[in-house]
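Asker: Structure provided below as structure tokens; questions to follow.
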Amino acid sequence: MILDSTAVIDFLRDNQEARFRIKEMEEKNVIFATTAITSFELWQGNMNKKEEQKLREFLGTLVIFPFTEKDAQIAGTIHKALKRQGLDIQPEDSMIAGIAMAAQEPVLTKNIKHFERIPGLIIETY
């Protein structure tokens, strides 16, 4: 299960819906991951030292998928198709989707508005 930025932020901010959903998945032995793209998005945020440490520790518990050439091909194709349809999303969301689709992993997000535009992407929410 790939956690996107909203899922990580909500979890770290003690959002009860996010925590409940992640705990529910833990009980089913789901392996949690994120992407290098999500890590980039998270590190852009304004954080104090304590928040940075909390993020560093949490990311250390996850598998982190890199952004490979295969992922780039999938992401670029997704992004181009959505743009042609007038359904633009952030390039980072296309990249996260490309990684998830290449790895055949679902994405846990609260941001279904953008991710639901991507055919074939499995989305979970809370």
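Chain lettering (A, B, ...) mirrors the order of the structure tokens, residue numbering begins at 1 for each chain separately, and ligand numbering begins at 1 in order of display.
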Could you pull the residues within 8 Å of Phe32 in chain A, counting only C-alpha atoms, minus those fewer than 2 positions along the same chain, as a list in words?

Answerer: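 The contact residues come out as Met1, Ile2, Leu3, Val30, Thr34, Leu62 and Val63 of chain A.
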
Asker: Generate a file of the selected residues that holds N, CA and C atoms, formatted as a PDB file, in the first residue's frame.

Answerer:
ATOM      1  N   MET A   1       0.851  -1.167   0.000  1.00  0.00           N
ATOM      2  CA  MET A   1       0.000   0.000   0.000  1.00  0.00           C
ATOM      3  C   MET A   1       0.903   1.238   0.000  1.00  0.00           C
ATOM      4  N   ILE A   2       0.736   2.072  -1.013  1.00  0.00           N
ATOM      5  CA  ILE A   2       1.510   3.305  -1.108  1.00  0.00           C
ATOM      6  C   ILE A   2       0.732   4.440  -0.454  1.00  0.00           C
ATOM      7  N   LEU A   3       1.347   5.067   0.525  1.00  0.00           N
ATOM      8  CA  LEU A   3       0.739   6.223   1.186  1.00  0.00           C
ATOM      9  C   LEU A   3       1.131   7.477   0.419  1.00  0.00           C
ATOM     10  N   VAL A  30      -0.744  -5.554   5.979  1.00  0.00           N
ATOM     11  CA  VAL A  30      -0.430  -4.765   4.796  1.00  0.00           C
ATOM     12  C   VAL A  30       0.955  -4.158   4.975  1.00  0.00           C
ATOM     13  N   THR A  34       5.809   4.327   0.471  1.00  0.00           N
ATOM     14  CA  THR A  34       5.531   5.633  -0.107  1.00  0.00           C
ATOM     15  C   THR A  34       6.468   5.767  -1.302  1.00  0.00           C
ATOM     16  N   LEU A  62       8.956   2.991   6.361  1.00  0.00           N
ATOM     17  CA  LEU A  62       8.273   2.659   5.112  1.00  0.00           C
ATOM     18  C   LEU A  62       9.250   2.194   4.036  1.00  0.00           C
ATOM     19  N   VAL A  63       8.753   1.376   3.142  1.00  0.00           N
ATOM     20  CA  VAL A  63       9.462   1.085   1.897  1.00  0.00           C
ATOM     21  C   VAL A  63       9.299   2.351   1.054  1.00  0.00           C
TER      22      VAL A  63
END

Asker: Assign secondary structure with DSSP using the backbone only, and return the residues of range 43-87 of chain A in helix (DSSP H, G or I) as a ChimeraX atom specification.

Answerer: /A:43,49-59,69-84

Asker: Skipping near chain neighbours, those fewer than 3 positions away, what residues fall within 12 Å of Glu69 in chain A using only C-alpha atoms, listed as a list in words?

Answerer: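 Counting only C-alpha atoms, the residues come to Pro66, Ala72, Gln73, Ile74, Ala75, Gly76, Met95, Gly98, Ile99 and Ala102 of chain A.
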
Asker: Please produce a file of the residues just selected, as a PDB file, in the first residue's frame, where the atoms kept are C-alpha atoms.

Answerer:
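Wrote it out as again10.pdb, contents follow:
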ATOM      1  CA  PRO A  66      12.132   5.345  -6.386  1.00  0.00           C
ATOM      2  CA  ALA A  72       8.330   7.870 -15.867  1.00  0.00           C
ATOM      3  CA  GLN A  73       6.897   6.308 -19.025  1.00  0.00           C
ATOM      4  CA  ILE A  74       3.666   5.362 -17.274  1.00  0.00           C
ATOM      5  CA  ALA A  75       3.417   8.727 -15.496  1.00  0.00           C
ATOM      6  CA  GLY A  76       4.104  10.690 -18.672  1.00  0.00           C
ATOM      7  CA  MET A  95       4.391  10.389 -10.975  1.00  0.00           C
ATOM      8  CA  GLY A  98       3.038   5.843 -12.396  1.00  0.00           C
ATOM      9  CA  ILE A  99       5.039   4.318  -9.562  1.00  0.00           C
ATOM     10  CA  ALA A 102       4.247  -0.117 -12.217  1.00  0.00           C
TER      11      ALA A 102
END

Asker: Work out how far apart CA of Asp4 in chain A and CA of Gln85 in chain A are and give it in Å to one decimal.

Answerer: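 Pair CA of Asp4 in chain A / CA of Gln85 in chain A returns 24.0 Å.
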
Asker: If you measure from CA of Gln16 in chain A to CA of Arg117 in chain A, what distance in Å do you get, rounded to one decimal?

Answerer: 26.5 Å

Asker: Between A:Ala33, A:Ala7, A:Leu12, A:Val107, which has the minimum distance to Gly60 in chain A (counting only C-alpha atoms)?

Answerer: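 Looking at the shortest contact to Gly60 in chain A, the residue is A:Ala33.
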
Asker: Identify which of the residues A:Leu82, A:Ile123, A:Ile37, A:Ile96 lies closest to Thr109 in chain A, counting only C-alpha atoms when measuring atom-to-atom distances.

Answerer: A:Ile123

Asker: Counting only C-alpha atoms, which of A:Ile64, A:Ile122, A:Ile22, A:Ala100 gets nearest to Asp10 in chain A?

Answerer: A:Ile22

Asker: Would you please work out which residue, of A:Ala18, A:Ile9, A:Met25, A:Ile118, is nearest to Lys80 in chain A when using only C-alpha atoms?

Answerer: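 Among the listed residues, A:Ile118 lies closest to Lys80 in chain A.
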
Asker: May I ask which of the residues A:Ala97, A:Ile78, A:Leu121, A:Leu87 is the closest one to Thr35 in chain A, counting only C-alpha atoms?

Answerer: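 With only C-alpha atoms as the atom set, the closest residue is A:Ala97.
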
Asker: Which residues are near range 47-57 of chain A? Cut-off 12 Å, only C-alpha atoms, ignore same chain within fewer than 6 positions. Put them as a count of residues only.

Answerer: 11

Asker: Using only C-alpha atoms, find the one residue out of A:Asp14, A:Phe65, A:Arg21, A:Lys83 that sits nearest to Thr125 in chain A.

Answerer: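 Using only C-alpha atoms, the shortest distance to Thr125 in chain A belongs to A:Arg21.
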